[in-house]
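Asks: Following this line is work13.csv, made up of CSV, C-alpha atoms and all ligand atoms:
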```
chain,number,residue,atom,x,y,z
U,128,MET,CA,33.4,48.5,-22.1
U,129,ASN,CA,31.2,50.2,-19.5
U,130,ASP,CA,30.0,47.6,-17.0
U,131,ASP,CA,28.9,50.2,-14.4
U,132,PHE,CA,25.3,49.6,-15.1
U,133,TYR,CA,23.0,52.3,-13.7
U,134,ARG,CA,20.3,49.9,-12.3
U,135,ILE,CA,22.8,47.4,-10.9
U,136,ARG,CA,24.7,50.2,-9.2
U,137,ARG,CA,21.6,51.0,-7.3
U,138,LEU,CA,21.3,47.5,-5.8
U,139,PRO,CA,23.3,47.0,-2.6
U,140,PRO,CA,24.9,43.6,-1.8
U,141,TYR,CA,22.2,41.1,-0.8
U,142,VAL,CA,22.0,41.3,3.0
U,143,PHE,CA,20.9,37.7,3.5
U,144,ALA,CA,23.8,36.3,1.4
U,145,GLU,CA,26.2,36.2,4.4
U,146,VAL,CA,23.9,34.2,6.6
U,147,ASN,CA,23.0,32.0,3.7
U,148,ALA,CA,26.6,31.2,3.0
U,149,LEU,CA,27.2,30.3,6.6
U,150,LYS,CA,24.0,28.1,6.5
U,151,GLN,CA,25.3,26.3,3.4
U,152,ALA,CA,28.7,25.8,5.0
U,153,ALA,CA,27.2,24.3,8.2
U,154,ARG,CA,25.1,21.9,6.2
U,155,ALA,CA,28.0,20.9,4.0
U,156,SER,CA,29.9,19.9,7.0
U,157,GLY,CA,27.0,17.8,8.2
U,158,ASP,CA,25.5,20.1,10.8
U,159,ASP,CA,21.7,20.2,11.2
U,160,VAL,CA,20.4,23.7,10.6
U,161,ILE,CA,16.8,24.5,11.8
U,162,ASP,CA,15.9,27.1,9.2
U,163,PHE,CA,13.5,29.9,10.0
U,164,GLY,CA,15.2,32.2,7.5
U,165,MET,CA,12.7,32.3,4.6
U,166,GLY,CA,9.0,32.6,4.2
U,167,ASN,CA,8.7,29.6,2.0
U,168,PRO,CA,5.6,27.5,2.8
U,169,ASP,CA,6.5,23.8,3.3
U,170,GLN,CA,3.1,22.2,2.8
U,171,PRO,CA,1.6,21.2,-0.6
U,172,PRO,CA,-1.6,22.6,-2.1
U,173,ALA,CA,-4.9,20.7,-1.4
U,174,PRO,CA,-5.4,17.5,-3.4
U,175,HIS,CA,-8.4,18.9,-5.5
U,176,ILE,CA,-6.1,21.7,-6.7
U,177,LEU,CA,-3.4,19.3,-7.8
U,178,GLU,CA,-6.0,17.0,-9.5
U,179,LYS,CA,-7.3,20.0,-11.5
U,180,MET,CA,-3.9,20.9,-12.6
U,181,GLN,CA,-3.1,17.3,-13.7
U,182,GLU,CA,-6.4,17.0,-15.5
U,183,SER,CA,-5.9,20.2,-17.5
U,184,LEU,CA,-2.4,19.0,-18.5
U,185,HIS,CA,-4.1,16.5,-20.8
U,186,ASN,CA,-5.8,19.3,-22.8
U,187,PRO,CA,-3.6,19.8,-25.9
U,188,ARG,CA,-4.6,23.4,-26.0
U,189,ALA,CA,-3.3,24.0,-22.5
U,190,HIS,CA,0.3,24.0,-23.7
U,191,ARG,CA,0.1,27.0,-25.9
U,192,TYR,CA,1.1,30.5,-24.8
U,193,SER,CA,-1.4,31.7,-22.3
U,194,THR,CA,-2.5,35.4,-22.0
U,195,SER,CA,-0.5,37.9,-20.1
U,196,ARG,CA,-3.5,39.4,-18.3
U,197,GLY,CA,-4.5,35.9,-17.1
U,198,ILE,CA,-7.3,33.6,-18.3
U,199,PRO,CA,-10.8,35.2,-18.0
U,200,GLY,CA,-12.0,32.4,-15.6
U,201,LEU,CA,-9.3,33.2,-13.1
U,202,ARG,CA,-9.9,36.9,-13.2
U,203,LYS,CA,-13.6,36.2,-12.6
U,204,ALA,CA,-12.7,33.9,-9.7
U,205,LEU,CA,-10.6,36.7,-8.2
U,206,ALA,CA,-13.6,39.0,-8.5
U,207,GLY,CA,-15.7,36.3,-6.8
U,208,TYR,CA,-13.2,36.2,-3.9
U,209,TYR,CA,-13.3,40.0,-3.5
U,210,GLU,CA,-17.1,39.9,-3.4
U,211,ARG,CA,-17.5,37.2,-0.8
U,212,ARG,CA,-14.5,38.1,1.4
U,213,PHE,CA,-14.6,41.9,1.3
U,214,GLY,CA,-18.0,42.8,-0.3
U,215,VAL,CA,-16.0,44.6,-3.0
U,216,ASP,CA,-17.1,44.7,-6.6
U,217,ILE,CA,-14.3,44.1,-9.1
U,218,ASP,CA,-14.8,44.2,-12.8
U,219,PRO,CA,-12.8,41.2,-14.0
U,220,GLU,CA,-12.2,42.8,-17.4
U,221,ALA,CA,-10.9,46.2,-16.4
U,222,GLU,CA,-10.1,46.0,-12.7
U,223,ALA,CA,-8.2,42.7,-12.3
U,224,ILE,CA,-5.1,41.2,-13.7
U,225,VAL,CA,-3.2,37.9,-13.1
U,226,THR,CA,0.5,38.3,-12.3
U,227,LEU,CA,3.4,35.9,-12.2
U,228,GLY,CA,3.2,36.1,-8.4
U,229,SER,CA,2.5,39.3,-6.7
U,230,LYS,CA,6.2,40.1,-6.7
U,231,GLU,CA,6.3,40.3,-10.5
U,232,GLY,CA,3.1,42.5,-10.4
U,233,LEU,CA,4.7,44.9,-7.9
U,234,ALA,CA,7.9,45.1,-9.9
U,235,ASN,CA,6.3,45.7,-13.2
U,236,LEU,CA,3.8,48.2,-11.8
U,237,ALA,CA,6.9,50.1,-10.5
U,238,GLN,CA,8.3,50.0,-14.0
U,239,ALA,CA,5.0,51.2,-15.5
U,240,ILE,CA,4.4,54.2,-13.2
U,241,SER,CA,7.7,55.6,-12.2
U,242,SER,CA,10.7,57.1,-13.8
U,243,PRO,CA,14.0,58.6,-12.5
U,244,GLY,CA,13.4,61.5,-10.3
U,245,ASP,CA,10.0,60.3,-9.1
U,246,THR,CA,9.5,59.8,-5.3
U,247,ILE,CA,7.8,56.8,-3.9
U,248,LEU,CA,6.8,56.4,-0.2
U,249,VAL,CA,7.8,53.0,1.1
U,250,PRO,CA,7.6,51.5,4.6
U,251,ASN,CA,10.8,50.6,6.4
U,252,PRO,CA,11.3,47.8,7.3
U,253,SER,CA,9.6,46.3,4.3
U,254,TYR,CA,9.4,43.2,2.1
U,255,PRO,CA,12.4,44.0,-0.3
U,256,ILE,CA,10.5,44.3,-3.6
U,257,HIS,CA,8.5,47.2,-2.1
U,258,ALA,CA,11.6,49.2,-2.2
U,259,PHE,CA,13.7,47.6,-4.8
U,260,GLY,CA,11.0,47.3,-7.5
U,261,PHE,CA,11.1,51.1,-7.5
U,262,ILE,CA,14.9,51.4,-7.1
U,263,ILE,CA,15.3,49.2,-10.2
U,264,ALA,CA,12.8,51.4,-12.0
U,265,GLY,CA,15.1,54.4,-11.2
U,266,ALA,CA,12.8,56.1,-8.7
U,267,SER,CA,13.8,57.6,-5.4
U,268,LEU,CA,12.4,56.4,-2.1
U,269,ARG,CA,11.3,58.2,1.0
U,270,TYR,CA,10.9,55.9,3.9
U,271,LEU,CA,7.9,55.8,6.3
U,272,PRO,CA,7.6,54.0,9.6
U,273,THR,CA,5.1,51.2,9.8
U,274,ALA,CA,1.6,51.7,11.1
U,275,SER,CA,2.3,50.7,14.7
U,276,SER,CA,4.1,54.0,15.2
U,277,GLY,CA,0.5,55.3,15.6
U,278,PRO,CA,0.0,59.1,15.1
U,279,GLU,CA,3.7,59.3,14.1
U,280,PHE,CA,2.9,57.4,10.9
U,281,PHE,CA,0.5,60.1,9.7
U,282,GLU,CA,2.8,62.9,10.9
U,283,ARG,CA,5.7,61.5,8.9
U,284,LEU,CA,3.4,60.9,5.9
U,285,LYS,CA,2.3,64.5,6.0
U,286,ARG,CA,5.9,65.7,6.3
U,287,ALA,CA,7.1,63.4,3.5
U,288,VAL,CA,4.5,64.9,1.1
U,289,GLU,CA,5.1,68.4,2.2
U,290,TYR,CA,8.9,68.1,1.7
U,291,SER,CA,9.1,66.0,-1.5
U,292,VAL,CA,9.6,67.8,-4.7
U,293,PRO,CA,8.1,66.6,-7.0
U,294,LYS,CA,5.2,65.3,-4.9
U,295,PRO,CA,5.3,61.5,-4.4
U,296,VAL,CA,3.7,59.4,-7.1
U,297,ALA,CA,2.6,56.5,-4.9
U,298,ILE,CA,2.7,55.0,-1.4
U,299,VAL,CA,3.2,51.3,-0.7
U,300,ILE,CA,1.4,49.8,2.2
U,301,ASN,CA,1.5,46.1,3.4
U,302,TYR,CA,-0.7,44.8,6.1
U,303,PRO,CA,-0.5,42.2,7.5
U,304,SER,CA,3.1,43.2,7.2
U,305,ASN,CA,6.1,41.2,6.2
U,306,PRO,CA,8.3,41.4,8.2
U,307,THR,CA,6.7,43.0,11.2
U,308,ALA,CA,3.4,41.1,11.2
U,309,GLU,CA,1.5,44.3,12.0
U,310,VAL,CA,-2.2,44.5,11.1
U,311,VAL,CA,-4.4,47.5,10.6
U,312,ASP,CA,-8.1,48.2,10.6
U,313,LEU,CA,-10.4,49.7,8.0
U,314,ASP,CA,-10.2,53.1,9.7
U,315,PHE,CA,-6.4,53.2,9.0
U,316,TYR,CA,-7.1,52.5,5.3
U,317,GLY,CA,-9.8,55.2,5.3
U,318,GLN,CA,-7.3,57.8,6.5
U,319,ILE,CA,-4.7,56.7,4.0
U,320,ILE,CA,-7.2,56.9,1.1
U,321,ASP,CA,-8.5,60.3,2.3
U,322,PHE,CA,-5.0,61.7,2.6
U,323,CYS,CA,-3.8,60.3,-0.7
U,324,ARG,CA,-6.8,61.3,-2.7
U,325,HIS,CA,-6.4,64.8,-1.4
U,326,HIS,CA,-2.7,64.9,-2.5
U,327,GLY,CA,-3.2,62.9,-5.8
U,328,ILE,CA,-1.0,60.0,-4.7
U,329,TYR,CA,-1.6,56.4,-5.8
U,330,VAL,CA,-2.0,53.7,-3.1
U,331,LEU,CA,-0.4,50.3,-3.7
U,332,SER,CA,-1.5,47.8,-1.2
U,333,ASP,CA,0.1,44.4,-0.7
U,334,LEU,CA,-2.3,42.0,0.9
U,335,ALA,CA,-0.3,38.8,0.3
U,336,TYR,CA,-1.2,37.6,3.9
U,337,ALA,CA,-5.0,38.3,3.5
U,338,GLU,CA,-5.8,34.8,4.8
U,339,VAL,CA,-2.9,34.1,7.1
U,340,TYR,CA,-4.5,35.4,10.4
U,341,PHE,CA,-5.0,33.7,13.7
U,342,ASP,CA,-7.3,35.4,16.2
U,343,GLY,CA,-10.6,35.4,14.3
U,344,ASN,CA,-9.9,38.9,12.9
U,345,PRO,CA,-9.8,38.8,9.1
U,346,PRO,CA,-7.5,41.6,7.7
U,347,PRO,CA,-9.5,44.1,5.7
U,348,SER,CA,-8.8,45.2,2.1
U,349,VAL,CA,-8.0,48.8,1.3
U,350,LEU,CA,-10.6,48.5,-1.5
U,351,GLN,CA,-13.3,48.3,1.1
U,352,VAL,CA,-12.9,52.0,1.6
U,353,PRO,CA,-15.6,53.7,-0.5
U,354,GLY,CA,-14.0,55.2,-3.6
U,355,ALA,CA,-10.7,53.5,-3.0
U,356,LYS,CA,-10.6,52.3,-6.5
U,357,ASP,CA,-10.2,55.9,-7.7
U,358,ILE,CA,-6.6,55.8,-6.5
U,359,ALA,CA,-5.7,52.3,-5.1
U,360,VAL,CA,-4.6,48.9,-6.4
U,361,GLU,CA,-4.2,45.9,-4.3
U,362,PHE,CA,-1.9,42.8,-4.8
U,363,THR,CA,-3.0,39.4,-3.5
U,364,SER,CA,-1.4,36.0,-4.0
U,365,MET,CA,-2.0,32.3,-4.2
U,366,SER,CA,1.4,31.6,-2.6
U,367,LYS,CA,0.6,31.7,1.1
U,368,THR,CA,-3.2,31.2,1.0
U,369,TYR,CA,-3.1,27.9,-0.9
U,370,ASN,CA,0.5,26.8,-0.4
U,371,MET,CA,1.4,27.5,-4.0
U,372,PRO,CA,4.5,29.7,-3.8
U,373,GLY,CA,6.3,27.9,-6.7
U,374,TRP,CA,3.3,28.3,-9.0
U,375,ARG,CA,3.9,32.0,-9.3
U,376,ILE,CA,0.3,33.2,-9.5
U,377,GLY,CA,-0.8,36.5,-7.9
U,378,PHE,CA,-3.1,39.3,-8.7
U,379,ALA,CA,-3.6,43.0,-8.8
U,380,ALA,CA,-7.1,44.5,-8.5
U,381,GLY,CA,-8.6,47.9,-8.3
U,382,ASN,CA,-7.9,51.2,-10.1
U,383,ARG,CA,-8.4,50.8,-13.9
U,384,GLU,CA,-5.6,53.1,-15.0
U,385,LEU,CA,-3.0,51.2,-12.9
U,386,ILE,CA,-4.3,47.9,-14.0
U,387,ALA,CA,-4.2,49.0,-17.6
U,388,ALA,CA,-0.6,50.3,-17.1
U,389,LEU,CA,0.5,47.1,-15.6
U,390,GLY,CA,-1.3,45.1,-18.3
U,391,ARG,CA,0.5,47.2,-21.0
U,392,VAL,CA,3.9,46.5,-19.6
U,393,LYS,CA,3.2,42.9,-19.1
U,394,SER,CA,1.9,42.5,-22.7
U,395,TYR,CA,5.4,43.3,-23.8
U,396,LEU,CA,7.1,41.0,-21.3
U,397,ASP,CA,5.2,37.7,-20.7
U,398,TYR,CA,2.5,35.4,-22.0
U,399,GLY,CA,1.1,34.7,-18.6
U,400,ALA,CA,1.5,31.7,-16.3
U,401,PHE,CA,1.2,28.1,-17.7
U,402,THR,CA,-2.5,27.6,-18.4
U,403,PRO,CA,-2.9,24.4,-16.3
U,404,LEU,CA,-1.6,26.4,-13.3
U,405,GLN,CA,-4.2,29.1,-13.9
U,406,VAL,CA,-7.0,26.6,-14.4
U,407,ALA,CA,-6.0,25.0,-11.1
U,408,ALA,CA,-5.8,28.4,-9.4
U,409,THR,CA,-9.3,29.1,-10.6
U,410,ALA,CA,-10.4,25.8,-9.0
U,411,ALA,CA,-8.7,26.8,-5.8
U,412,LEU,CA,-10.5,30.1,-5.6
U,413,ASN,CA,-13.9,28.7,-6.6
U,414,GLY,CA,-13.7,25.4,-4.7
U,415,PRO,CA,-13.9,24.3,-1.1
U,416,GLN,CA,-11.9,26.6,1.2
U,417,GLY,CA,-11.2,24.1,4.1
U,418,CYS,CA,-7.5,24.0,3.1
U,419,ILE,CA,-7.2,27.6,4.2
U,420,ASP,CA,-8.4,26.7,7.7
U,421,ASP,CA,-5.8,23.9,7.7
U,422,MET,CA,-3.1,26.3,6.7
U,423,ARG,CA,-4.1,28.8,9.5
U,424,ALA,CA,-4.3,26.0,12.1
U,425,LEU,CA,-0.8,24.8,11.2
U,426,TYR,CA,0.8,28.2,11.4
U,427,LYS,CA,-1.1,29.0,14.6
U,428,GLU,CA,0.2,25.9,16.3
U,429,ARG,CA,3.8,26.6,15.2
U,430,ARG,CA,3.5,30.2,16.2
U,431,ASP,CA,2.4,29.2,19.7
U,432,VAL,CA,5.1,26.6,20.2
U,433,LEU,CA,7.8,29.1,19.0
U,434,VAL,CA,6.6,32.2,20.8
U,435,ASP,CA,5.8,30.4,24.1
U,436,GLY,CA,9.1,28.6,23.9
U,437,LEU,CA,11.1,31.7,23.2
U,438,ASN,CA,9.4,33.8,25.9
U,439,ALA,CA,9.9,31.0,28.5
U,440,SER,CA,13.5,30.9,27.5
U,441,GLY,CA,14.0,34.5,28.4
U,442,TRP,CA,13.7,35.9,24.8
U,443,LYS,CA,10.7,38.2,25.1
U,444,CYS,CA,8.9,38.5,21.8
U,445,PRO,CA,5.3,39.3,20.8
U,446,SER,CA,2.9,36.8,19.3
U,447,PRO,CA,2.0,37.8,15.7
U,448,PRO,CA,-1.7,38.2,15.0
U,449,ALA,CA,-1.2,37.3,11.3
U,450,THR,CA,1.4,36.3,8.7
U,451,MET,CA,3.8,33.4,8.9
U,452,PHE,CA,6.5,35.4,10.7
U,453,VAL,CA,7.6,36.2,14.3
U,454,TRP,CA,9.3,39.6,14.4
U,455,ALA,CA,11.5,39.4,17.5
U,456,PRO,CA,13.5,42.1,19.1
U,457,ILE,CA,16.8,40.5,20.0
U,458,PRO,CA,17.6,40.3,23.7
U,459,ASP,CA,19.3,43.4,25.2
U,460,GLN,CA,22.6,41.5,25.8
U,461,PHE,CA,23.1,41.2,22.0
U,462,LYS,CA,22.0,44.7,20.9
U,463,GLU,CA,25.4,46.1,20.8
U,464,MET,CA,26.8,43.5,18.3
U,465,GLY,CA,23.9,44.2,15.9
U,466,VAL,CA,21.5,41.8,14.3
U,467,MET,CA,23.8,40.6,11.5
U,468,ASN,CA,26.3,39.3,14.1
U,469,PHE,CA,23.6,38.0,16.3
U,470,ALA,CA,22.1,36.0,13.4
U,471,LYS,CA,25.5,34.5,12.6
U,472,LEU,CA,26.2,33.7,16.3
U,473,LEU,CA,22.8,32.0,16.6
U,474,LEU,CA,23.5,29.9,13.6
U,475,GLN,CA,27.0,28.9,14.7
U,476,GLU,CA,26.2,28.2,18.3
U,477,ALA,CA,22.5,27.1,18.2
U,478,GLY,CA,22.2,25.7,14.7
U,479,VAL,CA,19.2,28.0,14.1
U,480,ALA,CA,18.9,30.3,11.0
U,481,VAL,CA,16.9,33.5,11.2
U,482,ALA,CA,16.6,36.5,8.8
U,483,PRO,CA,18.4,39.5,10.3
U,484,GLY,CA,16.0,42.5,10.4
U,485,VAL,CA,18.4,44.8,8.5
U,486,GLY,CA,17.7,42.7,5.4
U,487,PHE,CA,14.3,44.5,5.4
U,488,GLY,CA,15.7,48.0,5.8
U,489,GLU,CA,17.7,50.0,8.3
U,490,GLU,CA,14.8,50.2,10.7
U,491,GLY,CA,15.0,46.4,11.0
U,492,GLU,CA,18.1,46.8,13.2
U,493,GLY,CA,17.5,45.2,16.6
U,494,TYR,CA,15.1,42.6,15.2
U,495,VAL,CA,15.2,39.2,13.5
U,496,ARG,CA,12.4,37.5,11.6
U,497,LEU,CA,11.6,33.8,12.2
U,498,GLY,CA,9.5,32.1,9.5
U,499,LEU,CA,7.0,29.4,10.7
U,500,VAL,CA,8.3,27.0,8.1
U,501,GLU,CA,9.6,24.2,10.3
U,502,ASN,CA,7.4,21.6,12.0
U,503,THR,CA,6.6,21.7,15.7
U,504,HIS,CA,9.0,18.9,16.5
U,505,ARG,CA,11.9,21.0,14.9
U,506,ILE,CA,10.6,24.2,16.5
U,507,ARG,CA,10.8,22.5,20.0
U,508,GLN,CA,14.3,21.4,19.2
U,509,ALA,CA,15.2,24.9,18.1
U,510,VAL,CA,13.8,26.4,21.3
U,511,ARG,CA,15.9,23.9,23.3
U,512,ASN,CA,19.0,25.0,21.4
U,513,ILE,CA,18.2,28.7,21.7
U,514,ARG,CA,17.6,28.3,25.5
U,515,GLY,CA,21.1,26.8,25.9
U,516,PHE,CA,22.6,29.5,23.7
U,517,LEU,CA,20.9,32.3,25.7
U,518,SER,CA,21.8,31.0,29.0
U,519,ARG,CA,25.5,30.7,27.9
U,520,HIS,CA,25.2,34.4,27.0
U,521,GLY,CA,23.7,35.4,30.3
U,522,VAL,CA,20.0,35.5,29.3
U,523,HIS,CA,18.0,33.7,32.0
U,524,ASP,CA,15.1,31.4,31.3
U,525,ASP,CA,12.0,30.8,33.4
U,526,LEU,CA,11.3,27.3,32.0
U,527,PRO,CA,11.2,24.3,34.4
U,528,LYS,CA,14.4,22.4,33.7
U,529,SER,CA,12.6,19.3,32.5
U,530,ALA,CA,10.8,21.2,29.6
D,601,LIG,C1,4.4,40.9,1.7
D,601,LIG,C2,4.7,40.0,0.5
D,601,LIG,N1,4.3,40.4,-0.7
D,601,LIG,C3,4.5,39.6,-1.7
D,601,LIG,C4,5.2,38.4,-1.6
D,601,LIG,C5,5.5,37.6,-2.9
D,601,LIG,O1,4.5,36.8,-3.1
D,601,LIG,P1,4.3,36.0,-4.5
D,601,LIG,O2,4.7,34.6,-4.3
D,601,LIG,O3,2.9,36.2,-4.8
D,601,LIG,O4,5.2,36.7,-5.5
D,601,LIG,C6,5.6,38.0,-0.4
D,601,LIG,C7,6.4,36.7,-0.3
D,601,LIG,O5,6.9,36.3,0.7
D,601,LIG,C8,5.4,38.8,0.7
D,601,LIG,O6,5.8,38.4,1.9
```
Translate this file's structure into C-alpha cells.
Replies:
Amino acid sequence: MNDDFYRIRRLPPYVFAEVNALKQAARASGDDVIDFGMGNPDQPPAPHILEKMQESLHNPRAHRYSTSRGIPGLRKALAGYYERRFGVDIDPEAEAIVTLGSKEGLANLAQAISSPGDTILVPNPSYPIHAFGFIIAGASLRYLPTASSGPEFFERLKRAVEYSVPKPVAIVINYPSNPTAEVVDLDFYGQIIDFCRHHGIYVLSDLAYAEVYFDGNPPPSVLQVPGAKDIAVEFTSMSKTYNMPGWRIGFAAGNRELIAALGRVKSYLDYGAFTPLQVAATAALNGPQGCIDDMRALYKERRDVLVDGLNASGWKCPSPPATMFVWAPIPDQFKEMGVMNFAKLLLQEAGVAVAPGVGFGEEGEGYVRLGLVENTHRIRQAVRNIRGFLSRHGVHDDLPKSA
C-alpha cells in the first residue's frame, strides 16, 4: 500500500518538537521550566464575555449546527469594529466571514485559491501557517524578507514577480509580525496594494495582533488603502485581542471573490463555531473595550521586565512595539552553535524555554522568540537564571549584583 502521501511528504519534521520533548522530560523529572515557547495567552476573557456565553448555553436552539459563514450578528459586529477602528466599510453579507480561528481561515483560503504549480509569496521568517497552508495545498513558495529590510523588500518583491512563472497568485503579509514583532505604516500598505494591483496579485494580510500594541501607535489595516478591497483580504482574530485562543473564532474581511471562495470551501467542511461562542464573541466586539486596555497593559509590563532584564544581563535585544513576542538575536558567543542548540542549552542550563527562530523559516537562524506568557515574577526569575547562564558562558552583564 502506498503510504508516501504527497501532502505529508511536503511537511518537514516539526522544528519545535525537539525542544518540546526536552521541556517535557525536564518537567517529568521535577524541574521547573519557565516557558516562553508558545504564544498562548494565559489570561481569561473578560467576565461579561463569559457571562454572555453561559447565558446563551441555556437557549435550546444554541446547540444545533451553526452556520459555516458565522452568525449574521457576529459578521455585523466585525463590520462595526472595522468602521470604528479603521474607518473601513465592510459589507457583513459579502465581505466578511467568521472562521474557526484565523489559522483555519488562512489554511482554507490557501486550499480555495491555489493549486500545484502556483507560486505564493510568503515572508521568511513567518508564522508557520503562512507557508504551510499553501504547501499543504500543493503550491510552491517564494520567500520574501520582512518589511524592516526597507527598500530591499520592494526590490526582492519586484524580482520575485519578474522571475516567477507563472506569475504569483498571492502575497501573504503579517504586521505586526509574528515572530519578528515588526510593524508597518499605511504608506507601506499603499505601496503593496499599488504594486499587486498592477501585477494582478491578491494580498492576504494577517492582522492577528491588531490590538496588541504598546506605544500609542495602533497598527493600520491594509483595507484602509483606497481600493484595497479590489485585491485584498484581511484576517483578524479574537484569540489575542480578547484572550480567547481556545474558542477558535477569527475572521476574514475584504475582497468579495476571496470571501466567497473561502465561504464555498468552508460550506463543505464545517458548520461554524459553536453558537454560544459566536454570541459571546459578538458581545465582546460590541461591548465595553476596557479588557483590551488591560491586555495591553499586562503585556507591556511583561515586555519591559523581560527586555530590560535581558539587556541589563548582557543579552542585547530590541523592545517590540507590538505583539506578545520578543524577537531576540542570540548573543554572539552562541552564534556558531546555531539557535536550535542554543535553545536546548538554555533549557538545560537555565530552565528557560524559548522558540528557536528556525521554526519560523531559515531566515530565523540567529534569533529566538520569547512569548510574554509568564507573569512578571516568573519573568524576573527567568532573567536571573539567564544572567547566570550567560556569565558562565562569558557574556558579561551590567546589572548591579543585588538586582
Ligand atoms: C500571526 C498569527 N496569525 C494567526 C494566528 C492564529 O490565530 P487564531 O487563534 O485566530 O487561529 C496566530 C497565533 O498565534 C498568529 O500569531
Asks: Please find the residues contacting ligand LIG 601 (chain D) at a distance of at most 9 Å between atoms, with all atoms listed in the file counted, and report them as JSON, numbers by chain.
Replies: {"U": [165, 166, 167, 226, 227, 228, 229, 230, 231, 232, 233, 253, 254, 255, 256, 257, 301, 302, 303, 304, 305, 306, 333, 334, 335, 336, 362, 363, 364, 365, 366, 367, 371, 372, 373, 374, 375, 376, 377, 378, 450, 451]}
Asks: Which one of U:Tyr270, U:Leu313, U:Arg137, U:Pro168 sits closest to U:Pro243 if you count all atoms listed in the file?
Replies: U:Arg137
Asks: Ranking U:Tyr426, U:Tyr192, U:Phe322, U:Tyr369 by minimum distance to U:His175 and counting only C-alpha atoms, which one comes first?
Replies: U:Tyr369
Asks: Using all atoms listed in the file, can you tell me which of U:Asp431, U:Glu178, U:Asp420, U:Asp131 comes closest to U:Val339?
Replies: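 Of U:Asp431, U:Glu178, U:Asp420, U:Asp131, the one nearest U:Val339 is U:Asp420, counting all atoms listed in the file.
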Asks: Of the candidates U:Asp435, U:Gly265, U:Ile161, U:Ala449, which shows the shortest atom-to-atom distance to U:Asn344, using all atoms listed in the file?
Replies: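 The shortest atom-to-atom distance to U:Asn344 comes from U:Ala449.
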Asks: One decimal, in Å: what's the spacing between atom CA of U:Pro415 and atom CA of U:Asp216?
Replies: 21.4 Å
Asks: So how many Å separate atom CA of U:Ala455 and atom CA of U:Val299, to one decimal?
Replies: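 Computing the Euclidean distance for atom CA of U:Ala455 and atom CA of U:Val299 yields 23.3 Å.
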Asks: If I take atom CA of U:Ala410 and atom CA of U:Leu201, how far is one from the other in Å, to one decimal?
Replies: 8.5 Å
Asks: Leaving out stretch 397-405 of chain U and any residue of its chain fewer than 2 positions from it, which residues lie within 8 Å of it when counting only C-alpha atoms, given as a PyMOL selection string?
Replies: chain U and resi 179-181+183-184+189-198+201+225-227+374-376+393-395+407-409
Asks: Considering all atoms listed in the file, give me a table of residues in stretch 359-464 of chain U that are at most 12 Å from stretch 501-523 of chain U, with the closest atom pair and distance in Å for each, as JSON lines.
Replies:
```
{"residue": "U:Leu425", "atom": "CA", "partner": "U:Asn502", "partner_atom": "CA", "distance": 8.8}
{"residue": "U:Tyr426", "atom": "CA", "partner": "U:Asn502", "partner_atom": "CA", "distance": 9.4}
{"residue": "U:Lys427", "atom": "CA", "partner": "U:Thr503", "partner_atom": "CA", "distance": 10.7}
{"residue": "U:Glu428", "atom": "CA", "partner": "U:Thr503", "partner_atom": "CA", "distance": 7.7}
{"residue": "U:Arg429", "atom": "CA", "partner": "U:Thr503", "partner_atom": "CA", "distance": 5.7}
{"residue": "U:Arg430", "atom": "CA", "partner": "U:Thr503", "partner_atom": "CA", "distance": 9.1}
{"residue": "U:Asp431", "atom": "CA", "partner": "U:Thr503", "partner_atom": "CA", "distance": 9.5}
{"residue": "U:Val432", "atom": "CA", "partner": "U:Thr503", "partner_atom": "CA", "distance": 6.8}
{"residue": "U:Leu433", "atom": "CA", "partner": "U:Ile506", "partner_atom": "CA", "distance": 6.2}
{"residue": "U:Val434", "atom": "CA", "partner": "U:Val510", "partner_atom": "CA", "distance": 9.3}
{"residue": "U:Asp435", "atom": "CA", "partner": "U:Val510", "partner_atom": "CA", "distance": 9.4}
{"residue": "U:Gly436", "atom": "CA", "partner": "U:Val510", "partner_atom": "CA", "distance": 5.8}
{"residue": "U:Leu437", "atom": "CA", "partner": "U:Val510", "partner_atom": "CA", "distance": 6.2}
{"residue": "U:Asn438", "atom": "CA", "partner": "U:Val510", "partner_atom": "CA", "distance": 9.8}
{"residue": "U:Ala439", "atom": "CA", "partner": "U:Arg514", "partner_atom": "CA", "distance": 8.7}
{"residue": "U:Ser440", "atom": "CA", "partner": "U:Arg514", "partner_atom": "CA", "distance": 5.3}
{"residue": "U:Gly441", "atom": "CA", "partner": "U:His523", "partner_atom": "CA", "distance": 5.4}
{"residue": "U:Trp442", "atom": "CA", "partner": "U:Val522", "partner_atom": "CA", "distance": 7.8}
{"residue": "U:Lys443", "atom": "CA", "partner": "U:Val522", "partner_atom": "CA", "distance": 10.6}
{"residue": "U:Met451", "atom": "CA", "partner": "U:Glu501", "partner_atom": "CA", "distance": 11.0}
{"residue": "U:Phe452", "atom": "CA", "partner": "U:Glu501", "partner_atom": "CA", "distance": 11.6}
{"residue": "U:Ile457", "atom": "CA", "partner": "U:Leu517", "partner_atom": "CA", "distance": 10.8}
{"residue": "U:Pro458", "atom": "CA", "partner": "U:Val522", "partner_atom": "CA", "distance": 7.8}
{"residue": "U:Asp459", "atom": "CA", "partner": "U:Val522", "partner_atom": "CA", "distance": 8.9}
{"residue": "U:Gln460", "atom": "CA", "partner": "U:Val522", "partner_atom": "CA", "distance": 7.4}
{"residue": "U:Phe461", "atom": "CA", "partner": "U:His520", "partner_atom": "CA", "distance": 8.7}
```
Asks: Kindly export the residues of the current selection with C-alpha atoms, as a short mmCIF file (atom, residue, chain, number, x, y, z; two decimals), keeping the file's coordinate frame.
Replies:
```cif
data_model
loop_
_atom_site.label_atom_id
_atom_site.label_comp_id
_atom_site.auth_asym_id
_atom_site.auth_seq_id
_atom_site.Cartn_x
_atom_site.Cartn_y
_atom_site.Cartn_z
CA LEU U 425 -0.80 24.80 11.20
CA TYR U 426 0.80 28.20 11.40
CA LYS U 427 -1.10 29.00 14.60
CA GLU U 428 0.20 25.90 16.30
CA ARG U 429 3.80 26.60 15.20
CA ARG U 430 3.50 30.20 16.20
CA ASP U 431 2.40 29.20 19.70
CA VAL U 432 5.10 26.60 20.20
CA LEU U 433 7.80 29.10 19.00
CA VAL U 434 6.60 32.20 20.80
CA ASP U 435 5.80 30.40 24.10
CA GLY U 436 9.10 28.60 23.90
CA LEU U 437 11.10 31.70 23.20
CA ASN U 438 9.40 33.80 25.90
CA ALA U 439 9.90 31.00 28.50
CA SER U 440 13.50 30.90 27.50
CA GLY U 441 14.00 34.50 28.40
CA TRP U 442 13.70 35.90 24.80
CA LYS U 443 10.70 38.20 25.10
CA MET U 451 3.80 33.40 8.90
CA PHE U 452 6.50 35.40 10.70
CA ILE U 457 16.80 40.50 20.00
CA PRO U 458 17.60 40.30 23.70
CA ASP U 459 19.30 43.40 25.20
CA GLN U 460 22.60 41.50 25.80
CA PHE U 461 23.10 41.20 22.00
#
```
